[in-house]
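Visitor: Starting off with a structure, shown below.
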Protein chains: 2
Amino acid sequence: MTVGIRHDDLRRRNRAMVIAAVRRSGEPSRTEITAITGLSHSTISAISSDLIAEGILREGRSEPTASKRGRPQVGLQLDPSAAAVLTVVLSLNLLTAAAIDYSGKVLAEETRRLDTLSLPREALVNECVQMVRRRLQDQSLARHRVLRIAFAVQGTADSHARTMLWTPITPHGDIPFADILENAFGIPVIVENDCNMMAVALRWRGTDRYRDDFIAVLLSHGIGMGIVLNGELFIGTQSSGGEFGHMIHRPNGARCRCGRHGCVEAYAGNYAIWRSAHGLDENTEPAADIPDDEMQRLAEKARAGVGPEREAYERAGTALGYSLGSLFAVIDPAPVTFVGIGATAFDLIEPALRRAIAQTAGGQHSNSIVFDIEPKEQMLIREGCAMRALTFIDQEIFALGGATALAPQLLEA
Amino acid sequence: MTVGIRHDDLRRRNRAMVIAAVRRSGEPSRTEITAITGLSHSTISAISSDLIAEGILREGRSEPTASKRGRPQVGLQLDPSAAAVLTVVLSLNLLTAAAIDYSGKVLAEETRRLDTLSLPREALVNECVQMVRRRLQDQSLARHRVLRIAFAVQGTADSHARTMLWTPITPHGDIPFADILENAFGIPVIVENDCNMMAVALRWRGTDRYRDDFIAVLLSHGIGMGIVLNGELFIGTQSSGGEFGHMIHRPNGARCRCGRHGCVEAYAGNYAIWRSAHGLDENTEPAADIPDDEMQRLAEKARAGVGPEREAYERAGTALGYSLGSLFAVIDPAPVTFVGIGATAFDLIEPALRRAIAQTAGGQHSNSIVFDIEPKEQMLIREGCAMRALTFIDQEIFALGGATALAPQLLEA
DNA sequence: AGCTTTTTTTCGAGCTTCGAAAAAATAATC
DNA sequence: GATTATTTTTTCGAAGCTCGAAAAAAAGCT
């Protein structure tokens with residue numbers, strides 16, 4: 001806001017605009033880009049011709065748009081071989097990496113089960129480094145230069161997206177994954193919160209209502225949230241990634257994994273539902289991990305009829321409803337996607353959730369609030385990471401123009 | 001984000017940048033503006049010479065910066081006669097209007113007491129129109145053209161800042177004040193929430209910690225909030241102006257003025273403290289209005305020793321603490337200024353507030369969170385309105401250049 | 001084969017910013 | 001008091017960008 005626009009910024013910004021238009025629209029013609037960006041035909045022609053010459057865009061081969069009068073439009077698409085990115089997702093007992101080409105297609109992927117809770121710090125770091133090394137040396141990336149690595153983790157990252165500050169999946173904190181991986185491979189790295197990446201992915205999926213303002217809520221062992229406001233990912237002033245799960249539902253209430261009492265998570269996390277369904281006191285120590293099929297069985301029992309299981313899900317719905325409603329009081333209502341294993345039991349949660357939300361200030365139009373379901377969080381997180389890394393390349397590297405002719409990345413460790 | 005930058009946008013933006021630099025810095029020299037904006041000397045020279053020729057800026061007369069070697073810097077300041085704005089603030093039983101010159105100085109003001117709760121809709125609207133008419137015809141504005149009117153009201157405005165949707169100060173809602181006043185006077189009008197304007201004012205006061213992220217909380221009959229994030233006023237997706245006062249503190253708790261139960265306001269608003277201090281049930285109907293001196297007396301009693309008054313303030317602090325802490329879980333902690341009559345009793349509220357906030361996720365660094373006090377809300381709201389309207393002129397009118405030579409506004413109704 | 005329609009490129013004009021040099025205005029020095 | 005040094009501000013030509021209009025390209029229609 002405080003810095004002026006220089007003359008050469010202009011080209012950079014407009015190049016970024018054209019690339020963004022292509023990334024968003026699939027295969028727009030130059031004329032369509034003209035309409036999207038509001039720039040003139042001449043400008044779009046000049047910029048896209050540059051981008052094609054630099055190997056960033058290419059003309060689409062297909063010519064399916066028959067039966068129209070004049071010169072046919074020729075669609076522009078991202079050149080898949082212009083670059084590649086790596087995504088790494090670290091979650092409870094699971095490490096996943098994938099190679100993605102510049103157009104966003106998955107080239108290869110790999111998953112490993114780890115006992116993250118008990119693994120020593122060094123071993124955990126080493127697993128990640130080895131995984132990245134294998135992916136980089138894999139032949140799927142032989143013809144690509146990898147320009148970015150996006151690392152997503154459950155928990156909080158610092159505001160510069162360089163260090164994992166805290167996570168519930170291991171007792172070790174303050175791990176500077178960005179520095180570690182950059183030193184090892186010489187490729188820029190960003191560290192991001194998993195729920196934020198879910199939100200980014202939803203935004204790119206392009207559903208109408210997930211454009212400007214929406215929320216992604218992870219219902220898993222813990223509760224997480226990613227928020228998009230005004231079309232941009234909202235990260236708080238310290239980039240903690242929205243600790244929605246630790247909003248206070250009931251002062252001095254049930255015991256939470258975080259050590260405090262009354263958090264939403266202590267009512268709606270897997271362990272909380274499990275604890276409540278088994279009739280345990282709400283101050284019972286949270287279980288470390290509960291397998292997905294165990295939660296599925298719990299949900300089945302709850303669906304079968306009234307009982308402690310049903311009540312546990314209702315309590316979860318109430319906690320989520322009041323907290324979402326309180327959030328909506330400040331943020332204003334927005335569509336919500338529930339992600340993760342808990343989302344498969346949304347039918348059990350929804351009635352109590354809607355009842356609770358209706359009693360809050362943000363719930364005045366409670367019935368018009370839309371909820372969506374997306375059971376598989378892993379894919380969503382990977383998608384978000386990929387888009388995050390790719391748009392970085394678009395804006396910070398390819399928009400510059402001259403700098404495109406970078407030396408090919410070194411793939412040695 | 002989706003629209004490209006045209007060549008003529010460049011000048012517009014850089015002109016806006018120069019005007020903003022002058023408005024912010026007081027009386028910067030061209031060289032200082034060069035440093036602030038990052039533009040070249042030549043560009044700043046050209047732009048400021050234009051702005052001076054158009055009567056938007058002028059060279060400062062004072063030359064106090066002695067004792068330096070070379071050619072002395074000559075400061076640039078806003079030309080006070082370039083334009084003027086009107087601010088109108090409507091709050092419980094009070095209507096205030098002020099005329100402000102382009103440099104931000106108050107030219108004249110007027111205050112009227114009204115019984116807003118009982119006044120019919122037509123009469124209320126008429127009071128506002130008459131007030132504006134008197135201000136516009138006043139000779140203090142004889143040599144100024146009024147380019148904007150900013151109308152602040154307790155309650156919610158629509159997202160286009162045109163209609164007052166709902167307010168606690170009168171039973172009438174959906175009053176299109178912007179259209180009414182524009183039709184009457186032919187001057188563009190914006191309708192804003194009072195707490196948002198408090199936040200805008202704090203931002204312009206220029207204290208270091210009120211730059212990028214901070215919160216203004218109005219402690220009055222009701223509880224309101226204005227939030228600035230990333231240096232910009234945050235208004236929710238529907239511009240409801242952050243109904244923080246109606247976050248749920250205790251599900252099914254005390255009765256709130258809004259008809260729901262358990263809202264923060266039902267514990268921390270004037271009526272809630274009064275109700276609690278008098279030992280009334282928490283479901284007792286909220287009082288319509290409580291004079292400031294009555295609240296002062298309550299606070300004195302609470303300071304005198306332990307008793308129901310002291311407890312009432314503690315309950316208020318607890319409610320505010322938990323809610324702020326929950327908000328901080330999502331937004332991340334930020335400095336807070338408490339504004340209004342309740343802020344004068346902050347010494348009574350603070351201990352319980354800090355205790356509560358320390359038990360929430362957002363309160364991990366509870367002791368490092370800074371709280372400030374600003375008892376007089378009226379002045380703050382007026383200041384915010386003025387800056388809002390003035391920056392509108394800066395960006396939407398004066399940044400354009402050619403359009404500056406607008407015909408003088410017609411002052412007739 | 002010629003005409004119409006639509007997309008894309010080309011080309012000169014008009015702005016804008018920038019860097020370097022010149023001009024302006026003052027303090028320091030001799 | 002005249003000269004020199006220093007800092008601010010303006011001037012001027014060069015380079016780059018976008019735009020509109022016109023031309024070129026590539027189809028369908030008659």
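Chain labels follow the order of the structure tokens: the first chain is A, the next B, and so on; residue numbering restarts at 1 in every chain, and ligands are counted from 1 in their shown order.
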List as a Markdown table every residue of chain B that is in contact with chain D, defined as an atom at most 9 Å from one of its atoms (using only C-alpha atoms (C1' of nucleotides)), together with the nearest atom pair and the distance in Å rounded to one decimal, sorted by chain and then rising number.
Guide:
| residue | atom | partner | partner_atom | distance |
| --- | --- | --- | --- | --- |
| B:Arg6 | CA | D:DT18 | C1' | 6.7 |
| B:His7 | CA | D:DT18 | C1' | 5.4 |
| B:Asp8 | CA | D:DT18 | C1' | 8.6 |
| B:Arg30 | CA | D:DT9 | C1' | 8.1 |
| B:Thr31 | CA | D:DT8 | C1' | 7.3 |
| B:His41 | CA | D:DT9 | C1' | 8.3 |
| B:Ser42 | CA | D:DT10 | C1' | 7.8 |
| B:Ser45 | CA | D:DT9 | C1' | 7.3 |
| B:Ala46 | CA | D:DT10 | C1' | 8.8 |
| B:Lys68 | CA | D:DT7 | C1' | 8.5 |
| B:Arg69 | CA | D:DT6 | C1' | 5.5 |
| B:Gly70 | CA | D:DT7 | C1' | 3.8 |
| B:Arg71 | CA | D:DT7 | C1' | 5.2 |
| B:Pro72 | CA | D:DT8 | C1' | 6.5 |
| B:Gln73 | CA | D:DT8 | C1' | 6.1 |
| B:Val74 | CA | D:DT8 | C1' | 8.5 |
Visitor: Find the residues near Ala268 of chain B: any atom within 10 Å, counting only C-alpha atoms (C1' of nucleotides), skip ones fewer than 2 places away on the same chain, and give them as a list of chain:residue names.
Guide: B:Leu219, B:Ser220, B:His221, B:Gly222, B:Ile223, B:Gly245, B:Cys263, B:Val264, B:Glu265, B:Ala266, B:Asn270, B:Tyr271, B:Ala272, B:Ile273, B:Trp274, B:Ser276, B:Ala312, B:Tyr313, B:Glu314, B:Arg315, B:Ala316, B:Gly317, B:Thr318, B:Ala319, B:Leu320, B:Gly342, B:Ile349
Visitor: Those same residues, written as a short mmCIF file (atom, residue, chain, number, x, y, z; two decimals), in the first residue's frame with N, CA and C atoms?
Guide:
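The resulting file, part-v7.cif, is reproduced below:
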data_model
loop_
_atom_site.label_atom_id
_atom_site.label_comp_id
_atom_site.auth_asym_id
_atom_site.auth_seq_id
_atom_site.Cartn_x
_atom_site.Cartn_y
_atom_site.Cartn_z
N LEU B 219 -17.03 -0.46 24.88
CA LEU B 219 -17.73 -0.93 26.07
C LEU B 219 -18.73 0.14 26.46
N SER B 220 -19.96 -0.10 26.12
CA SER B 220 -20.98 0.92 26.34
C SER B 220 -22.25 0.18 26.75
N HIS B 221 -23.41 0.73 26.41
CA HIS B 221 -24.62 -0.02 26.71
C HIS B 221 -24.53 -1.39 26.06
N GLY B 222 -24.10 -1.42 24.83
CA GLY B 222 -23.79 -2.68 24.15
C GLY B 222 -22.29 -2.80 23.95
N ILE B 223 -21.91 -3.88 23.32
CA ILE B 223 -20.49 -4.15 23.06
C ILE B 223 -20.29 -4.19 21.56
N GLY B 245 -20.07 -8.49 20.22
CA GLY B 245 -20.89 -8.48 21.44
C GLY B 245 -21.85 -9.65 21.52
N CYS B 263 -24.86 -14.22 25.24
CA CYS B 263 -23.95 -13.36 24.49
C CYS B 263 -23.00 -12.64 25.45
N VAL B 264 -21.86 -12.23 24.94
CA VAL B 264 -20.90 -11.45 25.73
C VAL B 264 -21.57 -10.20 26.30
N GLU B 265 -22.33 -9.54 25.46
CA GLU B 265 -22.97 -8.30 25.87
C GLU B 265 -23.86 -8.51 27.09
N ALA B 266 -24.45 -9.69 27.21
CA ALA B 266 -25.35 -9.98 28.33
C ALA B 266 -24.58 -10.12 29.64
N ASN B 270 -23.33 -2.32 29.66
CA ASN B 270 -23.74 -1.52 30.83
C ASN B 270 -24.92 -2.16 31.56
N TYR B 271 -25.95 -2.50 30.78
CA TYR B 271 -27.16 -3.03 31.41
C TYR B 271 -26.89 -4.33 32.14
N ALA B 272 -25.95 -5.13 31.61
CA ALA B 272 -25.64 -6.42 32.23
C ALA B 272 -24.92 -6.21 33.55
N ILE B 273 -23.98 -5.28 33.56
CA ILE B 273 -23.24 -5.00 34.79
C ILE B 273 -24.19 -4.43 35.85
N TRP B 274 -25.04 -3.54 35.39
CA TRP B 274 -26.00 -2.90 36.29
C TRP B 274 -26.95 -3.95 36.88
N SER B 276 -26.49 -7.15 37.12
CA SER B 276 -25.78 -8.08 38.01
C SER B 276 -25.43 -7.40 39.34
N ALA B 312 -19.88 -8.01 39.66
CA ALA B 312 -20.47 -7.74 38.35
C ALA B 312 -19.38 -7.39 37.34
N TYR B 313 -18.44 -6.55 37.77
CA TYR B 313 -17.35 -6.17 36.87
C TYR B 313 -16.44 -7.36 36.57
N GLU B 314 -16.26 -8.21 37.58
CA GLU B 314 -15.45 -9.40 37.34
C GLU B 314 -16.10 -10.31 36.31
N ARG B 315 -17.42 -10.47 36.45
CA ARG B 315 -18.13 -11.30 35.47
C ARG B 315 -17.98 -10.72 34.07
N ALA B 316 -18.04 -9.40 33.99
CA ALA B 316 -17.86 -8.75 32.68
C ALA B 316 -16.47 -9.06 32.14
N GLY B 317 -15.47 -8.95 33.00
CA GLY B 317 -14.10 -9.22 32.57
C GLY B 317 -13.93 -10.65 32.10
N THR B 318 -14.54 -11.58 32.84
CA THR B 318 -14.44 -12.98 32.45
C THR B 318 -15.05 -13.21 31.07
N ALA B 319 -16.23 -12.66 30.86
CA ALA B 319 -16.90 -12.84 29.56
C ALA B 319 -16.05 -12.25 28.44
N LEU B 320 -15.56 -11.03 28.66
CA LEU B 320 -14.73 -10.40 27.63
C LEU B 320 -13.46 -11.20 27.39
N GLY B 342 -17.37 2.18 29.63
CA GLY B 342 -16.89 0.98 30.28
C GLY B 342 -15.38 0.96 30.42
N ILE B 349 -12.12 -4.45 35.49
CA ILE B 349 -12.36 -5.56 34.56
C ILE B 349 -11.10 -6.35 34.30
#
Visitor: Compute the set of chain C residues within 9 Å of chain A, using only C-alpha atoms (C1' of nucleotides), and express it as an NGL selection string.
Guide: :C and (4-10 or 16-18)
Visitor: Write the selection just made, keeping C-alpha atoms (C1' of nucleotides), as a CSV table (one decimal), in the first residue's frame?
Guide:
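Result went into result-v8.csv, see below:
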chain,number,residue,atom,x,y,z
C,4,DT,C1',-18.4,-12.1,-44.3
C,5,DT,C1',-17.0,-12.8,-39.7
C,6,DT,C1',-13.9,-13.4,-36.0
C,7,DT,C1',-9.3,-13.7,-34.1
C,8,DT,C1',-4.7,-12.3,-33.9
C,9,DT,C1',-0.8,-9.4,-35.1
C,10,DT,C1',1.5,-5.2,-36.4
C,16,DT,C1',4.9,7.3,-17.7
C,17,DT,C1',8.9,6.4,-15.2
C,18,DC,C1',13.9,6.7,-14.9
Visitor: For chain B, which residues have at least one atom within 7 Å of chain A, if we go by only C-alpha atoms? Write them as a PyMOL selection string, please.
Guide: chain B and resi 2-6+10+14+17+36-39+213+236-238+240+242-244+246-248+250+260+322+326+329-332+359-361
Visitor: Let's have the selection written as a short mmCIF file (atom, residue, chain, number, x, y, z; two decimals), in the first residue's frame, with N, CA and C atoms.
Guide:
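Writing done, so here's out_28.cif:
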data_model
loop_
_atom_site.label_atom_id
_atom_site.label_comp_id
_atom_site.auth_asym_id
_atom_site.auth_seq_id
_atom_site.Cartn_x
_atom_site.Cartn_y
_atom_site.Cartn_z
N THR B 2 -8.10 -9.91 -10.38
CA THR B 2 -8.30 -10.51 -11.69
C THR B 2 -8.17 -9.50 -12.82
N VAL B 3 -8.13 -8.23 -12.48
CA VAL B 3 -8.13 -7.22 -13.53
C VAL B 3 -6.73 -6.63 -13.73
N GLY B 4 -6.34 -6.49 -14.98
CA GLY B 4 -5.00 -6.02 -15.31
C GLY B 4 -4.81 -4.55 -15.02
N ILE B 5 -3.56 -4.12 -15.07
CA ILE B 5 -3.26 -2.72 -14.82
C ILE B 5 -3.05 -2.02 -16.14
N ARG B 6 -3.84 -1.01 -16.36
CA ARG B 6 -3.70 -0.26 -17.61
C ARG B 6 -2.66 0.82 -17.42
N LEU B 10 -1.48 3.72 -13.82
CA LEU B 10 -0.19 3.94 -13.17
C LEU B 10 -0.13 5.32 -12.53
N ASN B 14 -0.01 6.30 -8.53
CA ASN B 14 1.14 7.00 -7.94
C ASN B 14 0.75 8.37 -7.40
N MET B 17 -0.63 7.65 -4.15
CA MET B 17 0.46 7.32 -3.23
C MET B 17 1.07 8.59 -2.65
N ILE B 36 9.61 7.39 0.81
CA ILE B 36 8.42 6.64 1.25
C ILE B 36 7.86 5.79 0.13
N THR B 37 7.77 6.38 -1.06
CA THR B 37 7.08 5.68 -2.14
C THR B 37 8.00 4.77 -2.95
N GLY B 38 9.29 5.02 -2.90
CA GLY B 38 10.20 4.22 -3.71
C GLY B 38 10.23 4.65 -5.17
N LEU B 39 9.55 5.72 -5.49
CA LEU B 39 9.59 6.23 -6.86
C LEU B 39 10.79 7.16 -7.03
N ASP B 213 -2.23 -4.58 12.77
CA ASP B 213 -3.26 -5.45 13.33
C ASP B 213 -3.64 -4.97 14.72
N GLY B 236 -16.69 -8.06 7.59
CA GLY B 236 -17.02 -9.43 7.21
C GLY B 236 -17.57 -9.49 5.80
N THR B 237 -17.97 -10.66 5.41
CA THR B 237 -18.44 -10.83 4.04
C THR B 237 -19.72 -10.05 3.79
N GLN B 238 -20.44 -9.75 4.85
CA GLN B 238 -21.68 -9.00 4.65
C GLN B 238 -21.64 -7.65 5.36
N SER B 240 -21.21 -6.71 8.41
CA SER B 240 -22.04 -6.51 9.59
C SER B 240 -21.27 -5.78 10.68
N GLY B 242 -18.71 -6.81 12.55
CA GLY B 242 -18.21 -7.58 13.68
C GLY B 242 -19.11 -7.55 14.90
N GLU B 243 -20.06 -8.44 14.94
CA GLU B 243 -20.97 -8.49 16.07
C GLU B 243 -20.34 -9.24 17.24
N PHE B 244 -19.17 -8.77 17.62
CA PHE B 244 -18.44 -9.40 18.71
C PHE B 244 -19.28 -9.51 19.97
N HIS B 246 -22.07 -10.29 20.38
CA HIS B 246 -23.02 -11.40 20.39
C HIS B 246 -22.36 -12.74 20.11
N MET B 247 -21.06 -12.79 20.35
CA MET B 247 -20.43 -14.10 20.44
C MET B 247 -21.01 -14.78 21.68
N ILE B 248 -21.12 -16.09 21.63
CA ILE B 248 -21.71 -16.80 22.76
C ILE B 248 -20.64 -17.02 23.84
N ARG B 250 -21.70 -18.09 27.22
CA ARG B 250 -22.22 -19.31 27.84
C ARG B 250 -23.49 -19.74 27.13
N ARG B 260 -31.41 -13.24 22.35
CA ARG B 260 -30.78 -14.54 22.55
C ARG B 260 -30.22 -14.63 23.97
N TYR B 322 -12.80 -14.51 27.87
CA TYR B 322 -12.99 -15.76 27.13
C TYR B 322 -13.28 -15.48 25.66
N SER B 326 -11.11 -16.51 22.52
CA SER B 326 -11.61 -17.35 21.43
C SER B 326 -11.37 -16.68 20.08
N ALA B 329 -7.92 -17.01 19.07
CA ALA B 329 -7.57 -18.35 18.57
C ALA B 329 -7.64 -18.38 17.06
N VAL B 330 -8.54 -17.61 16.50
CA VAL B 330 -8.70 -17.61 15.05
C VAL B 330 -7.91 -16.47 14.41
N ILE B 331 -7.94 -15.30 15.03
CA ILE B 331 -7.38 -14.08 14.44
C ILE B 331 -5.92 -13.87 14.84
N ASP B 332 -5.49 -14.48 15.90
CA ASP B 332 -4.19 -14.24 16.52
C ASP B 332 -4.22 -12.98 17.37
N GLN B 359 -6.60 -18.63 29.93
CA GLN B 359 -7.07 -20.02 29.83
C GLN B 359 -7.50 -20.40 28.42
N THR B 360 -7.33 -19.49 27.48
CA THR B 360 -7.73 -19.79 26.10
C THR B 360 -6.52 -19.98 25.22
N ALA B 361 -6.77 -20.53 24.03
CA ALA B 361 -5.68 -20.79 23.11
C ALA B 361 -5.01 -19.50 22.66
#
Visitor: Just list the residues in segment 200-306 of chain A DSSP gives alpha helix (DSSP H) on the backbone, as a PyMOL selection string.
Guide: chain A and resi 200-205+265-268+270-277+292-304
Visitor: Can you tell me, as a PyMOL selection string, what residues are no more than 12 Å from Asp347 of chain A when counting only C-alpha atoms (C1' of nucleotides), ignoring any on the same chain fewer than 2 positions away?
Guide: chain A and resi 299-300+302-303+310+313-314+316-317+338+342-345+349-354+371-373
Visitor: I need the residues from that last selection saved to file as an mmCIF file, in the first residue's frame (with N, CA and C atoms), if you can.
Guide:
data_model
loop_
_atom_site.group_PDB
_atom_site.id
_atom_site.type_symbol
_atom_site.label_atom_id
_atom_site.label_comp_id
_atom_site.auth_asym_id
_atom_site.auth_seq_id
_atom_site.Cartn_x
_atom_site.Cartn_y
_atom_site.Cartn_z
ATOM 1 N N ALA A 299 -20.016 -44.421 14.513
ATOM 2 C CA ALA A 299 -21.049 -43.719 13.749
ATOM 3 C C ALA A 299 -22.197 -44.668 13.415
ATOM 4 N N GLU A 300 -21.853 -45.906 13.052
ATOM 5 C CA GLU A 300 -22.892 -46.889 12.738
ATOM 6 C C GLU A 300 -23.812 -47.101 13.936
ATOM 7 N N ALA A 302 -24.352 -45.088 16.347
ATOM 8 C CA ALA A 302 -25.142 -43.876 16.578
ATOM 9 C C ALA A 302 -26.316 -43.828 15.622
ATOM 10 N N ARG A 303 -26.099 -44.280 14.382
ATOM 11 C CA ARG A 303 -27.187 -44.265 13.403
ATOM 12 C C ARG A 303 -28.246 -45.300 13.757
ATOM 13 N N ARG A 310 -25.031 -41.780 19.925
ATOM 14 C CA ARG A 310 -25.815 -40.717 19.309
ATOM 15 C C ARG A 310 -25.596 -39.403 20.067
ATOM 16 N N TYR A 313 -22.265 -37.655 19.351
ATOM 17 C CA TYR A 313 -22.238 -36.884 18.100
ATOM 18 C C TYR A 313 -23.052 -35.595 18.222
ATOM 19 N N GLU A 314 -24.132 -35.697 18.981
ATOM 20 C CA GLU A 314 -24.927 -34.479 19.177
ATOM 21 C C GLU A 314 -24.134 -33.423 19.938
ATOM 22 N N ALA A 316 -20.988 -33.102 19.923
ATOM 23 C CA ALA A 316 -20.008 -32.552 18.981
ATOM 24 C C ALA A 316 -20.659 -31.496 18.097
ATOM 25 N N GLY A 317 -21.852 -31.810 17.608
ATOM 26 C CA GLY A 317 -22.560 -30.854 16.749
ATOM 27 C C GLY A 317 -22.853 -29.560 17.475
ATOM 28 N N PHE A 338 -16.821 -29.491 5.459
ATOM 29 C CA PHE A 338 -16.240 -30.333 6.497
ATOM 30 C C PHE A 338 -15.408 -31.413 5.837
ATOM 31 N N GLY A 342 -14.436 -37.283 10.249
ATOM 32 C CA GLY A 342 -15.613 -36.780 10.950
ATOM 33 C C GLY A 342 -16.702 -36.321 9.997
ATOM 34 N N ALA A 343 -16.302 -35.910 8.805
ATOM 35 C CA ALA A 343 -17.278 -35.434 7.827
ATOM 36 C C ALA A 343 -18.186 -36.561 7.361
ATOM 37 N N THR A 344 -17.701 -37.815 7.445
ATOM 38 C CA THR A 344 -18.553 -38.936 7.031
ATOM 39 C C THR A 344 -19.699 -39.146 8.006
ATOM 40 N N ALA A 345 -19.586 -38.571 9.192
ATOM 41 C CA ALA A 345 -20.669 -38.688 10.172
ATOM 42 C C ALA A 345 -21.440 -37.380 10.293
ATOM 43 N N ILE A 349 -24.143 -35.184 13.034
ATOM 44 C CA ILE A 349 -23.740 -33.933 13.678
ATOM 45 C C ILE A 349 -24.679 -32.787 13.314
ATOM 46 N N GLU A 350 -25.162 -32.822 12.070
ATOM 47 C CA GLU A 350 -25.837 -31.665 11.500
ATOM 48 C C GLU A 350 -27.023 -31.133 12.306
ATOM 49 N N PRO A 351 -27.958 -32.009 12.750
ATOM 50 C CA PRO A 351 -29.133 -31.453 13.444
ATOM 51 C C PRO A 351 -28.751 -30.593 14.651
ATOM 52 N N ALA A 352 -27.894 -31.129 15.525
ATOM 53 C CA ALA A 352 -27.504 -30.368 16.708
ATOM 54 C C ALA A 352 -26.720 -29.128 16.311
ATOM 55 N N LEU A 353 -25.900 -29.260 15.265
ATOM 56 C CA LEU A 353 -25.104 -28.126 14.810
ATOM 57 C C LEU A 353 -26.012 -26.986 14.361
ATOM 58 N N ARG A 354 -27.013 -27.337 13.577
ATOM 59 C CA ARG A 354 -27.895 -26.277 13.078
ATOM 60 C C ARG A 354 -28.720 -25.660 14.218
ATOM 61 N N PHE A 371 -23.490 -26.359 3.942
ATOM 62 C CA PHE A 371 -22.401 -27.224 4.407
ATOM 63 C C PHE A 371 -22.103 -28.269 3.345
ATOM 64 N N ASP A 372 -20.831 -28.474 3.073
ATOM 65 C CA ASP A 372 -20.434 -29.514 2.143
ATOM 66 C C ASP A 372 -19.527 -30.513 2.844
ATOM 67 N N ILE A 373 -19.354 -31.654 2.186
ATOM 68 C CA ILE A 373 -18.630 -32.776 2.768
ATOM 69 C C ILE A 373 -17.492 -33.187 1.835
#
Visitor: Taking the DSSP assignment computed from this structure's backbone, write out as a ChimeraX atom specification all residues of segment 135-285 of chain B that belong to strand (DSSP E or B).
Guide: /B:146-153,156-157,164-166,175,189-193,214-219,223-229,232-234,248,255,261,263
Visitor: Can you tell me which residues surround segment 380-390 of chain B at a distance of at most 9 Å, considering only C-alpha atoms (C1' of nucleotides), apart from same-chain residues fewer than 2 positions away, and format the answer as number ranges by chain?
Guide: B: 83-89, 96-104, 147-152, 189-190, 192, 194-204, 339, 374, 376-378, 392-395
Visitor: Could you check how far atom CA of Gly279 of chain A sits from atom CA of Glu309 of chain A, in Å to one decimal?
Guide: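 Spanning atom CA of Gly279 of chain A to atom CA of Glu309 of chain A is a straight-line distance of 8.9 Å.
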